[in-house]
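What follows is the content of structure.tsv (TSV, N, CA and C atoms).
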```
chain	number	residue	atom	x	y	z
P	1	THR	N	-5.79	-11.34	22.52
P	1	THR	CA	-6.88	-10.45	22.87
P	1	THR	C	-7.71	-10.99	24.02
P	2	GLN	N	-7.69	-12.30	24.28
P	2	GLN	CA	-8.51	-12.82	25.37
P	2	GLN	C	-7.92	-12.47	26.71
P	3	SER	N	-6.66	-12.10	26.78
P	3	SER	CA	-6.06	-11.74	28.05
P	3	SER	C	-6.41	-10.30	28.45
P	4	THR	N	-7.02	-9.55	27.54
P	4	THR	CA	-7.45	-8.20	27.87
P	4	THR	C	-8.59	-8.30	28.88
P	5	TRP	N	-8.57	-7.44	29.86
P	5	TRP	CA	-9.47	-7.53	31.00
P	5	TRP	C	-10.93	-7.53	30.60
P	6	VAL	N	-11.86	-7.02	30.72
P	6	VAL	CA	-13.29	-7.22	30.55
P	6	VAL	C	-13.70	-7.55	29.12
P	7	ILE	N	-13.15	-6.88	28.14
P	7	ILE	CA	-13.64	-7.02	26.77
P	7	ILE	C	-12.88	-8.07	25.97
P	8	GLY	N	-11.90	-8.74	26.55
P	8	GLY	CA	-11.04	-9.66	25.83
P	8	GLY	C	-11.77	-10.77	25.09
P	9	PRO	N	-12.57	-11.58	25.77
P	9	PRO	CA	-13.26	-12.66	25.07
P	9	PRO	C	-14.23	-12.16	23.99
P	10	ASP	N	-14.94	-11.09	24.27
P	10	ASP	CA	-15.86	-10.55	23.25
P	10	ASP	C	-15.10	-9.97	22.06
P	11	LEU	N	-13.99	-9.34	22.32
P	11	LEU	CA	-13.17	-8.80	21.23
P	11	LEU	C	-12.59	-9.91	20.38
P	12	ALA	N	-12.13	-10.98	21.02
P	12	ALA	CA	-11.60	-12.12	20.27
P	12	ALA	C	-12.67	-12.75	19.41
P	13	LEU	N	-13.88	-12.88	19.95
P	13	LEU	CA	-14.98	-13.43	19.18
P	13	LEU	C	-15.35	-12.53	18.02
P	14	LEU	N	-15.32	-11.23	18.21
P	14	LEU	CA	-15.63	-10.30	17.13
P	14	LEU	C	-14.58	-10.37	16.02
P	15	ILE	N	-13.32	-10.45	16.39
P	15	ILE	CA	-12.26	-10.50	15.38
P	15	ILE	C	-12.28	-11.83	14.63
P	16	ARG	N	-12.43	-12.93	15.35
P	16	ARG	CA	-12.42	-14.24	14.71
P	16	ARG	C	-13.71	-14.53	13.96
P	17	GLY	N	-14.84	-14.02	14.42
P	17	GLY	CA	-16.11	-14.29	13.77
P	17	GLY	C	-16.73	-15.60	14.22
P	18	ASP	N	-16.06	-16.34	15.08
P	18	ASP	CA	-16.55	-17.61	15.59
P	18	ASP	C	-15.70	-17.94	16.81
P	19	TYR	N	-16.01	-19.04	17.46
P	19	TYR	CA	-15.23	-19.41	18.64
P	19	TYR	C	-13.88	-20.02	18.25
P	20	VAL	N	-13.74	-20.46	17.01
P	20	VAL	CA	-12.46	-20.98	16.52
P	20	VAL	C	-12.09	-20.23	15.26
P	21	VAL	N	-10.82	-20.25	14.92
P	21	VAL	CA	-10.37	-19.62	13.68
P	21	VAL	C	-10.87	-20.45	12.52
P	22	GLY	N	-11.56	-19.82	11.59
P	22	GLY	CA	-12.13	-20.56	10.47
P	22	GLY	C	-12.34	-19.68	9.26
P	23	ASP	N	-13.34	-20.01	8.49
P	23	ASP	CA	-13.61	-19.31	7.24
P	23	ASP	C	-13.94	-17.84	7.46
P	24	ALA	N	-14.73	-17.56	8.48
P	24	ALA	CA	-15.09	-16.15	8.76
P	24	ALA	C	-13.85	-15.33	9.09
P	25	THR	N	-12.92	-15.92	9.84
P	25	THR	CA	-11.69	-15.22	10.19
P	25	THR	C	-10.87	-14.89	8.95
P	26	LEU	N	-10.73	-15.88	8.08
P	26	LEU	CA	-9.95	-15.67	6.86
P	26	LEU	C	-10.60	-14.62	5.97
P	27	ASN	N	-11.92	-14.65	5.85
P	27	ASN	CA	-12.61	-13.64	5.05
P	27	ASN	C	-12.42	-12.25	5.62
P	28	ARG	N	-12.47	-12.12	6.93
P	28	ARG	CA	-12.29	-10.80	7.55
P	28	ARG	C	-10.87	-10.28	7.37
P	29	PHE	N	-9.89	-11.15	7.56
P	29	PHE	CA	-8.51	-10.69	7.39
P	29	PHE	C	-8.19	-10.41	5.94
P	30	PHE	N	-8.76	-11.19	5.03
P	30	PHE	CA	-8.58	-10.90	3.61
P	30	PHE	C	-9.18	-9.54	3.26
P	31	ALA	N	-10.40	-9.30	3.72
P	31	ALA	CA	-11.04	-8.02	3.43
P	31	ALA	C	-10.26	-6.87	4.05
P	32	PHE	N	-9.74	-7.07	5.25
P	32	PHE	CA	-8.98	-6.02	5.90
P	32	PHE	C	-7.70	-5.70	5.14
P	33	HIS	N	-6.97	-6.73	4.73
P	33	HIS	CA	-5.68	-6.50	4.07
P	33	HIS	C	-5.82	-6.06	2.63
P	34	VAL	N	-6.89	-6.43	1.97
P	34	VAL	CA	-7.04	-6.10	0.55
P	34	VAL	C	-7.83	-4.82	0.34
P	35	ILE	N	-8.73	-4.51	1.26
P	35	ILE	CA	-9.59	-3.34	1.06
P	35	ILE	C	-9.25	-2.22	2.04
P	36	ALA	N	-9.22	-2.53	3.32
P	36	ALA	CA	-9.08	-1.47	4.33
P	36	ALA	C	-7.70	-0.83	4.34
P	37	VAL	N	-6.65	-1.63	4.31
P	37	VAL	CA	-5.30	-1.07	4.38
P	37	VAL	C	-4.98	-0.16	3.18
P	38	PRO	N	-5.28	-0.57	1.94
P	38	PRO	CA	-5.03	0.36	0.83
P	38	PRO	C	-5.87	1.63	0.90
P	39	LEU	N	-7.11	1.52	1.39
P	39	LEU	CA	-7.93	2.73	1.52
P	39	LEU	C	-7.37	3.68	2.57
P	40	VAL	N	-6.86	3.13	3.65
P	40	VAL	CA	-6.24	3.97	4.68
P	40	VAL	C	-4.99	4.65	4.12
P	41	LEU	N	-4.18	3.89	3.39
P	41	LEU	CA	-2.98	4.48	2.78
P	41	LEU	C	-3.34	5.56	1.77
P	42	LEU	N	-4.36	5.32	0.97
P	42	LEU	CA	-4.81	6.32	0.01
P	42	LEU	C	-5.30	7.57	0.73
P	43	GLY	N	-6.01	7.39	1.83
P	43	GLY	CA	-6.46	8.54	2.62
P	43	GLY	C	-5.29	9.33	3.19
P	44	LEU	N	-4.25	8.64	3.64
P	44	LEU	CA	-3.07	9.34	4.15
P	44	LEU	C	-2.35	10.11	3.05
P	45	VAL	N	-2.29	9.55	1.85
P	45	VAL	CA	-1.67	10.26	0.72
P	45	VAL	C	-2.46	11.51	0.39
P	46	VAL	N	-3.78	11.40	0.36
P	46	VAL	CA	-4.63	12.56	0.06
P	46	VAL	C	-4.47	13.62	1.15
P	47	ALA	N	-4.47	13.20	2.41
P	47	ALA	CA	-4.29	14.15	3.51
P	47	ALA	C	-2.93	14.84	3.41
P	48	HIS	N	-1.91	14.10	3.03
P	48	HIS	CA	-0.58	14.69	2.87
P	48	HIS	C	-0.58	15.72	1.74
P	49	LEU	N	-1.20	15.39	0.62
P	49	LEU	CA	-1.24	16.35	-0.49
P	49	LEU	C	-2.04	17.60	-0.13
P	50	ILE	N	-3.13	17.42	0.59
P	50	ILE	CA	-3.92	18.59	1.02
P	50	ILE	C	-3.10	19.46	1.97
P	51	ALA	N	-2.41	18.84	2.91
P	51	ALA	CA	-1.58	19.61	3.85
P	51	ALA	C	-0.44	20.31	3.12
P	52	LEU	N	0.16	19.63	2.16
P	52	LEU	CA	1.23	20.26	1.39
P	52	LEU	C	0.70	21.42	0.57
P	53	HIS	N	-0.49	21.27	0.05
P	53	HIS	CA	-1.08	22.34	-0.76
P	53	HIS	C	-1.48	23.53	0.10
P	54	GLU	N	-2.02	23.28	1.28
P	54	GLU	CA	-2.48	24.36	2.15
P	54	GLU	C	-1.33	25.07	2.85
P	55	VAL	N	-0.44	24.31	3.47
P	55	VAL	CA	0.62	24.88	4.29
P	55	VAL	C	1.87	25.15	3.48
P	56	GLY	N	2.17	24.27	2.55
P	56	GLY	CA	3.40	24.39	1.78
P	56	GLY	C	4.50	23.55	2.39
P	57	SER	N	5.54	23.32	1.64
P	57	SER	CA	6.64	22.52	2.15
P	57	SER	C	7.58	23.39	2.97
P	58	ASN	N	8.43	22.72	3.76
P	58	ASN	CA	9.37	23.49	4.56
P	58	ASN	C	10.43	24.10	3.65
P	59	ASN	N	11.27	24.91	4.22
P	59	ASN	CA	12.21	25.67	3.43
P	59	ASN	C	13.62	25.43	3.94
P	60	PRO	N	14.32	24.42	3.39
P	60	PRO	CA	15.65	24.13	3.91
P	60	PRO	C	16.71	25.16	3.54
P	61	ASP	N	16.44	26.01	2.55
P	61	ASP	CA	17.43	27.01	2.14
P	61	ASP	C	17.49	28.20	3.08
P	62	GLY	N	16.48	28.36	3.89
P	62	GLY	CA	16.46	29.48	4.83
P	62	GLY	C	15.94	30.77	4.23
P	63	VAL	N	15.47	30.76	2.99
P	63	VAL	CA	14.92	31.95	2.37
P	63	VAL	C	13.48	32.11	2.84
P	64	GLU	N	13.17	33.24	3.40
P	64	GLU	CA	11.79	33.48	3.87
P	64	GLU	C	10.94	33.85	2.66
P	65	ILE	N	10.16	32.89	2.16
P	65	ILE	CA	9.41	33.13	0.93
P	65	ILE	C	8.16	33.96	1.18
P	66	LYS	N	7.70	34.05	2.41
P	66	LYS	CA	6.48	34.81	2.68
P	66	LYS	C	6.77	36.28	2.95
P	67	LYS	N	8.03	36.67	2.84
P	67	LYS	CA	8.41	38.05	3.15
P	67	LYS	C	8.00	39.00	2.02
P	68	TYR	N	8.23	38.59	0.77
P	68	TYR	CA	7.92	39.44	-0.37
P	68	TYR	C	6.75	38.84	-1.14
P	69	LYS	N	5.65	39.59	-1.20
P	69	LYS	CA	4.44	39.10	-1.87
P	69	LYS	C	4.02	40.07	-2.96
P	70	ASP	N	3.32	39.53	-3.96
P	70	ASP	CA	2.82	40.39	-5.02
P	70	ASP	C	1.48	41.00	-4.59
P	71	ALA	N	0.81	41.66	-5.51
P	71	ALA	CA	-0.43	42.36	-5.19
P	71	ALA	C	-1.54	41.40	-4.76
P	72	SER	N	-1.53	40.17	-5.27
P	72	SER	CA	-2.59	39.22	-4.92
P	72	SER	C	-2.26	38.43	-3.65
P	73	GLY	N	-1.10	38.64	-3.04
P	73	GLY	CA	-0.74	37.97	-1.80
P	73	GLY	C	0.06	36.71	-1.98
P	74	LYS	N	0.46	36.40	-3.21
P	74	LYS	CA	1.26	35.20	-3.44
P	74	LYS	C	2.73	35.53	-3.26
P	75	PRO	N	3.48	34.64	-2.61
P	75	PRO	CA	4.91	34.91	-2.42
P	75	PRO	C	5.66	34.97	-3.75
P	76	LEU	N	6.53	35.94	-3.88
P	76	LEU	CA	7.31	36.09	-5.11
P	76	LEU	C	8.42	35.05	-5.21
P	77	ASP	N	8.94	34.61	-4.08
P	77	ASP	CA	10.02	33.63	-4.08
P	77	ASP	C	9.53	32.19	-4.02
P	78	GLY	N	8.22	31.97	-3.99
P	78	GLY	CA	7.67	30.62	-3.87
P	78	GLY	C	7.39	29.99	-5.22
P	79	ILE	N	7.23	28.69	-5.20
P	79	ILE	CA	6.87	27.93	-6.39
P	79	ILE	C	5.45	27.41	-6.20
P	80	ALA	N	4.63	27.59	-7.18
P	80	ALA	CA	3.24	27.15	-7.07
P	80	ALA	C	3.17	25.63	-7.02
P	81	PHE	N	2.23	25.13	-6.22
P	81	PHE	CA	2.06	23.68	-6.11
P	81	PHE	C	1.63	23.09	-7.45
P	82	HIS	N	0.65	23.74	-8.07
P	82	HIS	CA	0.19	23.31	-9.40
P	82	HIS	C	0.59	24.39	-10.39
P	83	PRO	N	1.23	24.09	-11.44
P	83	PRO	CA	1.43	22.80	-12.10
P	83	PRO	C	2.76	22.13	-11.79
P	84	TYR	N	3.66	22.75	-11.05
P	84	TYR	CA	5.03	22.24	-10.93
P	84	TYR	C	5.08	20.89	-10.20
P	85	TYR	N	4.53	20.83	-8.99
P	85	TYR	CA	4.61	19.59	-8.22
P	85	TYR	C	3.67	18.52	-8.77
P	86	THR	N	2.49	18.90	-9.23
P	86	THR	CA	1.56	17.91	-9.75
P	86	THR	C	2.10	17.26	-11.03
P	87	VAL	N	2.66	18.04	-11.92
P	87	VAL	CA	3.24	17.48	-13.15
P	87	VAL	C	4.44	16.60	-12.80
P	88	HIS	N	5.24	17.01	-11.85
P	88	HIS	CA	6.39	16.22	-11.42
P	88	HIS	C	5.94	14.87	-10.87
P	89	ASP	N	4.91	14.87	-10.02
P	89	ASP	CA	4.40	13.62	-9.44
P	89	ASP	C	3.74	12.74	-10.49
P	90	ILE	N	2.97	13.33	-11.38
P	90	ILE	CA	2.32	12.54	-12.43
P	90	ILE	C	3.36	11.92	-13.36
P	91	PHE	N	4.43	12.63	-13.65
P	91	PHE	CA	5.51	12.08	-14.47
P	91	PHE	C	6.16	10.89	-13.77
P	92	GLY	N	6.45	11.02	-12.49
P	92	GLY	CA	7.07	9.91	-11.75
P	92	GLY	C	6.16	8.70	-11.67
P	93	VAL	N	4.88	8.90	-11.42
P	93	VAL	CA	3.93	7.79	-11.36
P	93	VAL	C	3.80	7.12	-12.72
P	94	SER	N	3.78	7.90	-13.79
P	94	SER	CA	3.64	7.31	-15.12
P	94	SER	C	4.88	6.49	-15.49
P	95	ILE	N	6.07	6.93	-15.13
P	95	ILE	CA	7.28	6.14	-15.38
P	95	ILE	C	7.21	4.83	-14.60
P	96	PHE	N	6.81	4.91	-13.33
P	96	PHE	CA	6.68	3.69	-12.53
P	96	PHE	C	5.67	2.74	-13.16
P	97	LEU	N	4.50	3.25	-13.57
P	97	LEU	CA	3.48	2.38	-14.15
P	97	LEU	C	3.93	1.77	-15.47
P	98	MET	N	4.72	2.48	-16.26
P	98	MET	CA	5.23	1.89	-17.51
P	98	MET	C	6.19	0.74	-17.21
P	99	VAL	N	7.10	0.93	-16.27
P	99	VAL	CA	8.04	-0.14	-15.91
P	99	VAL	C	7.29	-1.32	-15.29
P	100	PHE	N	6.36	-1.03	-14.40
P	100	PHE	CA	5.56	-2.08	-13.75
P	100	PHE	C	4.75	-2.86	-14.78
P	101	SER	N	4.11	-2.16	-15.71
P	101	SER	CA	3.32	-2.83	-16.74
P	101	SER	C	4.20	-3.66	-17.66
P	102	ALA	N	5.38	-3.16	-18.00
P	102	ALA	CA	6.28	-3.94	-18.84
P	102	ALA	C	6.69	-5.24	-18.15
P	103	ILE	N	6.95	-5.18	-16.86
P	103	ILE	CA	7.31	-6.39	-16.13
P	103	ILE	C	6.12	-7.35	-16.05
P	104	VAL	N	4.94	-6.83	-15.71
P	104	VAL	CA	3.77	-7.69	-15.52
P	104	VAL	C	3.35	-8.35	-16.83
P	105	PHE	N	3.34	-7.60	-17.93
P	105	PHE	CA	2.80	-8.13	-19.17
P	105	PHE	C	3.83	-8.82	-20.06
P	106	PHE	N	5.09	-8.43	-20.00
P	106	PHE	CA	6.08	-8.96	-20.94
P	106	PHE	C	7.12	-9.87	-20.30
P	107	ALA	N	7.39	-9.72	-19.03
P	107	ALA	CA	8.40	-10.57	-18.38
P	107	ALA	C	8.02	-10.83	-16.93
P	108	PRO	N	6.90	-11.54	-16.69
P	108	PRO	CA	6.47	-11.71	-15.30
P	108	PRO	C	7.45	-12.53	-14.46
P	109	GLU	N	8.14	-13.49	-15.06
P	109	GLU	CA	9.09	-14.26	-14.24
P	109	GLU	C	10.46	-13.61	-14.23
P	110	ALA	N	10.85	-12.89	-15.28
P	110	ALA	CA	12.10	-12.12	-15.35
P	110	ALA	C	13.30	-12.93	-14.89
P	111	GLY	N	13.43	-14.13	-15.43
P	111	GLY	CA	14.60	-14.95	-15.12
P	111	GLY	C	14.65	-15.43	-13.69
P	112	GLY	N	13.52	-15.50	-13.01
P	112	GLY	CA	13.49	-15.98	-11.63
P	112	GLY	C	13.59	-14.89	-10.59
P	113	TYR	N	13.67	-13.64	-10.99
P	113	TYR	CA	13.74	-12.56	-10.00
P	113	TYR	C	12.39	-12.26	-9.38
P	114	PHE	N	11.30	-12.43	-10.13
P	114	PHE	CA	9.98	-12.13	-9.60
P	114	PHE	C	9.20	-13.39	-9.28
P	115	LEU	N	9.07	-14.32	-10.22
P	115	LEU	CA	8.38	-15.58	-9.99
P	115	LEU	C	9.36	-16.72	-10.26
P	116	GLU	N	9.47	-17.63	-9.32
P	116	GLU	CA	10.39	-18.74	-9.48
P	116	GLU	C	9.84	-19.77	-10.46
P	117	TYR	N	10.73	-20.53	-11.03
P	117	TYR	CA	10.35	-21.57	-11.99
P	117	TYR	C	9.45	-22.61	-11.35
P	118	ASN	N	9.65	-22.90	-10.07
P	118	ASN	CA	8.86	-23.92	-9.39
P	118	ASN	C	7.37	-23.59	-9.36
P	119	ASN	N	7.02	-22.34	-9.50
P	119	ASN	CA	5.60	-21.98	-9.51
P	119	ASN	C	4.91	-22.42	-10.79
P	120	PHE	N	5.66	-22.76	-11.83
P	120	PHE	CA	5.06	-23.14	-13.10
P	120	PHE	C	5.04	-24.65	-13.32
P	121	ILE	N	5.55	-25.42	-12.37
P	121	ILE	CA	5.53	-26.88	-12.48
P	121	ILE	C	4.16	-27.38	-12.04
P	122	PRO	N	3.48	-28.18	-12.86
P	122	PRO	CA	2.16	-28.71	-12.45
P	122	PRO	C	2.30	-29.62	-11.23
P	123	ALA	N	1.29	-29.59	-10.38
P	123	ALA	CA	1.30	-30.43	-9.18
P	123	ALA	C	1.18	-31.89	-9.57
P	124	ASP	N	1.98	-32.73	-8.92
P	124	ASP	CA	1.95	-34.17	-9.19
P	124	ASP	C	2.06	-34.88	-7.84
P	125	SER	N	0.96	-35.43	-7.37
P	125	SER	CA	0.94	-36.02	-6.02
P	125	SER	C	1.89	-37.20	-5.85
P	126	PRO	N	2.14	-38.08	-6.85
P	126	PRO	CA	3.10	-39.16	-6.61
P	126	PRO	C	4.53	-38.64	-6.42
P	127	LYS	N	4.88	-37.48	-6.96
P	127	LYS	CA	6.23	-36.95	-6.84
P	127	LYS	C	6.41	-36.02	-5.65
P	128	THR	N	5.30	-35.61	-5.02
P	128	THR	CA	5.37	-34.68	-3.90
P	128	THR	C	5.82	-35.41	-2.64
P	129	PRO	N	6.82	-34.91	-1.93
P	129	PRO	CA	7.24	-35.57	-0.68
P	129	PRO	C	6.11	-35.58	0.34
P	130	SER	N	6.09	-36.61	1.16
P	130	SER	CA	4.97	-36.78	2.12
P	130	SER	C	5.01	-35.76	3.24
P	131	HIS	N	6.17	-35.18	3.55
P	131	HIS	CA	6.22	-34.21	4.65
P	131	HIS	C	5.65	-32.85	4.25
P	132	ILE	N	5.39	-32.64	2.96
P	132	ILE	CA	4.78	-31.38	2.53
P	132	ILE	C	3.27	-31.56	2.58
P	133	ALA	N	2.64	-30.80	3.44
P	133	ALA	CA	1.18	-30.89	3.62
P	133	ALA	C	0.58	-29.52	3.37
P	134	PRO	N	-0.66	-29.46	2.94
P	134	PRO	CA	-1.29	-28.16	2.73
P	134	PRO	C	-1.48	-27.43	4.05
P	135	VAL	N	-1.57	-26.13	3.97
P	135	VAL	CA	-1.81	-25.32	5.14
P	135	VAL	C	-3.19	-25.66	5.70
P	136	TRP	N	-3.38	-25.51	7.00
P	136	TRP	CA	-4.58	-26.01	7.66
P	136	TRP	C	-5.86	-25.43	7.10
P	137	TYR	N	-5.84	-24.20	6.59
P	137	TYR	CA	-7.11	-23.63	6.15
P	137	TYR	C	-7.44	-23.96	4.71
P	138	PHE	N	-6.62	-24.68	4.00
P	138	PHE	CA	-6.98	-25.15	2.67
P	138	PHE	C	-7.70	-26.45	2.84
```
Is it possible to express this structure as structure tokens?
Amino acid sequence: TQSTWVIGPDLALLIRGDYVVGDATLNRFFAFHVIAVPLVLLGLVVAHLIALHEVGSNNPDGVEIKKYKDASGKPLDGIAFHPYYTVHDIFGVSIFLMVFSAIVFFAPEAGGYFLEYNNFIPADSPKTPSHIAPVWYF
């Protein structure tokens, strides 16, 4: 960012929070990755659902669903967004959450597929090789 023409040094200082990378930088990146990114993704999901609800999905079958409408103006060949799509999505999310919860609460290591055995070995400084050093910000 410092190579950017007029605003580069000021932008780098704003992002880092100091003249060197330090605690403020780590706090800002942690907050960005843990709070801002999920909120942006949640906003995109909500915007997608609103657009799907307002406009409707495309029609790969080629049947013009807006051609025949009932007295209230709803297409006769269309499927209502609610309850069909909402129940379908809630069912899929609930299945995912059940599987996810079963893994988290009953088998977090799952034979080494999720968490390796080495993560459960207590730290022992006399047995640790000297070339392994902590990361600079610890």
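The space separating atom N of Gly22 (chain P) from atom C of Val37 (chain P) comes to 22.4 Å.
As for atom C of Val87 (chain P) and CA of Ala71 (chain P), they are spaced 27.3 Å apart.
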Task: Minimum-distance residue to Phe29 (chain P), chosen among P:Ile15, P:Ala107, P:Ile7, P:Leu41 (using only N, CA and C atoms) - done: P:Ile15
Please return, as a short mmCIF file (atom, residue, chain, number, x, y, z; two decimals) with N, CA and C atoms, in the coordinates of the input, all residues of region 21-135 of chain P that DSSP assigns to alpha helix (DSSP H) on the basis of the backbone.
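Output saved as result_5.cif:
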```cif
data_model
loop_
_atom_site.label_atom_id
_atom_site.label_comp_id
_atom_site.auth_asym_id
_atom_site.auth_seq_id
_atom_site.Cartn_x
_atom_site.Cartn_y
_atom_site.Cartn_z
N ASP P 23 -13.34 -20.01 8.49
CA ASP P 23 -13.61 -19.31 7.24
C ASP P 23 -13.94 -17.84 7.46
N ALA P 24 -14.73 -17.56 8.48
CA ALA P 24 -15.09 -16.15 8.76
C ALA P 24 -13.85 -15.33 9.09
N THR P 25 -12.92 -15.92 9.84
CA THR P 25 -11.69 -15.22 10.19
C THR P 25 -10.87 -14.89 8.95
N LEU P 26 -10.73 -15.88 8.08
CA LEU P 26 -9.95 -15.67 6.86
C LEU P 26 -10.60 -14.62 5.97
N ASN P 27 -11.92 -14.65 5.85
CA ASN P 27 -12.61 -13.64 5.05
C ASN P 27 -12.42 -12.25 5.62
N ARG P 28 -12.47 -12.12 6.93
CA ARG P 28 -12.29 -10.80 7.55
C ARG P 28 -10.87 -10.28 7.37
N PHE P 29 -9.89 -11.15 7.56
CA PHE P 29 -8.51 -10.69 7.39
C PHE P 29 -8.19 -10.41 5.94
N PHE P 30 -8.76 -11.19 5.03
CA PHE P 30 -8.58 -10.90 3.61
C PHE P 30 -9.18 -9.54 3.26
N ALA P 31 -10.40 -9.30 3.72
CA ALA P 31 -11.04 -8.02 3.43
C ALA P 31 -10.26 -6.87 4.05
N VAL P 37 -6.65 -1.63 4.31
CA VAL P 37 -5.30 -1.07 4.38
C VAL P 37 -4.98 -0.16 3.18
N PRO P 38 -5.28 -0.57 1.94
CA PRO P 38 -5.03 0.36 0.83
C PRO P 38 -5.87 1.63 0.90
N LEU P 39 -7.11 1.52 1.39
CA LEU P 39 -7.93 2.73 1.52
C LEU P 39 -7.37 3.68 2.57
N VAL P 40 -6.86 3.13 3.65
CA VAL P 40 -6.24 3.97 4.68
C VAL P 40 -4.99 4.65 4.12
N LEU P 41 -4.18 3.89 3.39
CA LEU P 41 -2.98 4.48 2.78
C LEU P 41 -3.34 5.56 1.77
N LEU P 42 -4.36 5.32 0.97
CA LEU P 42 -4.81 6.32 0.01
C LEU P 42 -5.30 7.57 0.73
N GLY P 43 -6.01 7.39 1.83
CA GLY P 43 -6.46 8.54 2.62
C GLY P 43 -5.29 9.33 3.19
N LEU P 44 -4.25 8.64 3.64
CA LEU P 44 -3.07 9.34 4.15
C LEU P 44 -2.35 10.11 3.05
N VAL P 45 -2.29 9.55 1.85
CA VAL P 45 -1.67 10.26 0.72
C VAL P 45 -2.46 11.51 0.39
N VAL P 46 -3.78 11.40 0.36
CA VAL P 46 -4.63 12.56 0.06
C VAL P 46 -4.47 13.62 1.15
N ALA P 47 -4.47 13.20 2.41
CA ALA P 47 -4.29 14.15 3.51
C ALA P 47 -2.93 14.84 3.41
N HIS P 48 -1.91 14.10 3.03
CA HIS P 48 -0.58 14.69 2.87
C HIS P 48 -0.58 15.72 1.74
N LEU P 49 -1.20 15.39 0.62
CA LEU P 49 -1.24 16.35 -0.49
C LEU P 49 -2.04 17.60 -0.13
N ILE P 50 -3.13 17.42 0.59
CA ILE P 50 -3.92 18.59 1.02
C ILE P 50 -3.10 19.46 1.97
N ALA P 51 -2.41 18.84 2.91
CA ALA P 51 -1.58 19.61 3.85
C ALA P 51 -0.44 20.31 3.12
N LEU P 52 0.16 19.63 2.16
CA LEU P 52 1.23 20.26 1.39
C LEU P 52 0.70 21.42 0.57
N HIS P 53 -0.49 21.27 0.05
CA HIS P 53 -1.08 22.34 -0.76
C HIS P 53 -1.48 23.53 0.10
N GLU P 54 -2.02 23.28 1.28
CA GLU P 54 -2.48 24.36 2.15
C GLU P 54 -1.33 25.07 2.85
N VAL P 55 -0.44 24.31 3.47
CA VAL P 55 0.62 24.88 4.29
C VAL P 55 1.87 25.15 3.48
N THR P 86 2.49 18.90 -9.23
CA THR P 86 1.56 17.91 -9.75
C THR P 86 2.10 17.26 -11.03
N VAL P 87 2.66 18.04 -11.92
CA VAL P 87 3.24 17.48 -13.15
C VAL P 87 4.44 16.60 -12.80
N HIS P 88 5.24 17.01 -11.85
CA HIS P 88 6.39 16.22 -11.42
C HIS P 88 5.94 14.87 -10.87
N ASP P 89 4.91 14.87 -10.02
CA ASP P 89 4.40 13.62 -9.44
C ASP P 89 3.74 12.74 -10.49
N ILE P 90 2.97 13.33 -11.38
CA ILE P 90 2.32 12.54 -12.43
C ILE P 90 3.36 11.92 -13.36
N PHE P 91 4.43 12.63 -13.65
CA PHE P 91 5.51 12.08 -14.47
C PHE P 91 6.16 10.89 -13.77
N GLY P 92 6.45 11.02 -12.49
CA GLY P 92 7.07 9.91 -11.75
C GLY P 92 6.16 8.70 -11.67
N VAL P 93 4.88 8.90 -11.42
CA VAL P 93 3.93 7.79 -11.36
C VAL P 93 3.80 7.12 -12.72
N SER P 94 3.78 7.90 -13.79
CA SER P 94 3.64 7.31 -15.12
C SER P 94 4.88 6.49 -15.49
N ILE P 95 6.07 6.93 -15.13
CA ILE P 95 7.28 6.14 -15.38
C ILE P 95 7.21 4.83 -14.60
N PHE P 96 6.81 4.91 -13.33
CA PHE P 96 6.68 3.69 -12.53
C PHE P 96 5.67 2.74 -13.16
N LEU P 97 4.50 3.25 -13.57
CA LEU P 97 3.48 2.38 -14.15
C LEU P 97 3.93 1.77 -15.47
N MET P 98 4.72 2.48 -16.26
CA MET P 98 5.23 1.89 -17.51
C MET P 98 6.19 0.74 -17.21
N VAL P 99 7.10 0.93 -16.27
CA VAL P 99 8.04 -0.14 -15.91
C VAL P 99 7.29 -1.32 -15.29
N PHE P 100 6.36 -1.03 -14.40
CA PHE P 100 5.56 -2.08 -13.75
C PHE P 100 4.75 -2.86 -14.78
N SER P 101 4.11 -2.16 -15.71
CA SER P 101 3.32 -2.83 -16.74
C SER P 101 4.20 -3.66 -17.66
N ALA P 102 5.38 -3.16 -18.00
CA ALA P 102 6.28 -3.94 -18.84
C ALA P 102 6.69 -5.24 -18.15
N ILE P 103 6.95 -5.18 -16.86
CA ILE P 103 7.31 -6.39 -16.13
C ILE P 103 6.12 -7.35 -16.05
N VAL P 104 4.94 -6.83 -15.71
CA VAL P 104 3.77 -7.69 -15.52
C VAL P 104 3.35 -8.35 -16.83
N PHE P 105 3.34 -7.60 -17.93
CA PHE P 105 2.80 -8.13 -19.17
C PHE P 105 3.83 -8.82 -20.06
N PHE P 106 5.09 -8.43 -20.00
CA PHE P 106 6.08 -8.96 -20.94
C PHE P 106 7.12 -9.87 -20.30
#
```
TODO: Please provide the set of residues having any atom within 9 Å of region 46-53 of chain P, restricted to only C-alpha atoms, with same-chain residues fewer than 4 positions apart removed, written as a PyMOL selection string.
DONE: chain P and resi 41-42+57+81-82
Keeping only N, CA and C atoms, write the selected residues as a PDB file, keeping the file's coordinate frame.
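Dumped everything to again_12.pdb:
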```pdb
ATOM      1  N   LEU P  41      -4.180   3.890   3.390  1.00  0.00           N
ATOM      2  CA  LEU P  41      -2.980   4.480   2.780  1.00  0.00           C
ATOM      3  C   LEU P  41      -3.340   5.560   1.770  1.00  0.00           C
ATOM      4  N   LEU P  42      -4.360   5.320   0.970  1.00  0.00           N
ATOM      5  CA  LEU P  42      -4.810   6.320   0.010  1.00  0.00           C
ATOM      6  C   LEU P  42      -5.300   7.570   0.730  1.00  0.00           C
ATOM      7  N   SER P  57       5.540  23.320   1.640  1.00  0.00           N
ATOM      8  CA  SER P  57       6.640  22.520   2.150  1.00  0.00           C
ATOM      9  C   SER P  57       7.580  23.390   2.970  1.00  0.00           C
ATOM     10  N   PHE P  81       2.230  25.130  -6.220  1.00  0.00           N
ATOM     11  CA  PHE P  81       2.060  23.680  -6.110  1.00  0.00           C
ATOM     12  C   PHE P  81       1.630  23.090  -7.450  1.00  0.00           C
ATOM     13  N   HIS P  82       0.650  23.740  -8.070  1.00  0.00           N
ATOM     14  CA  HIS P  82       0.190  23.310  -9.400  1.00  0.00           C
ATOM     15  C   HIS P  82       0.590  24.390 -10.390  1.00  0.00           C
TER      16      HIS P  82
END
```
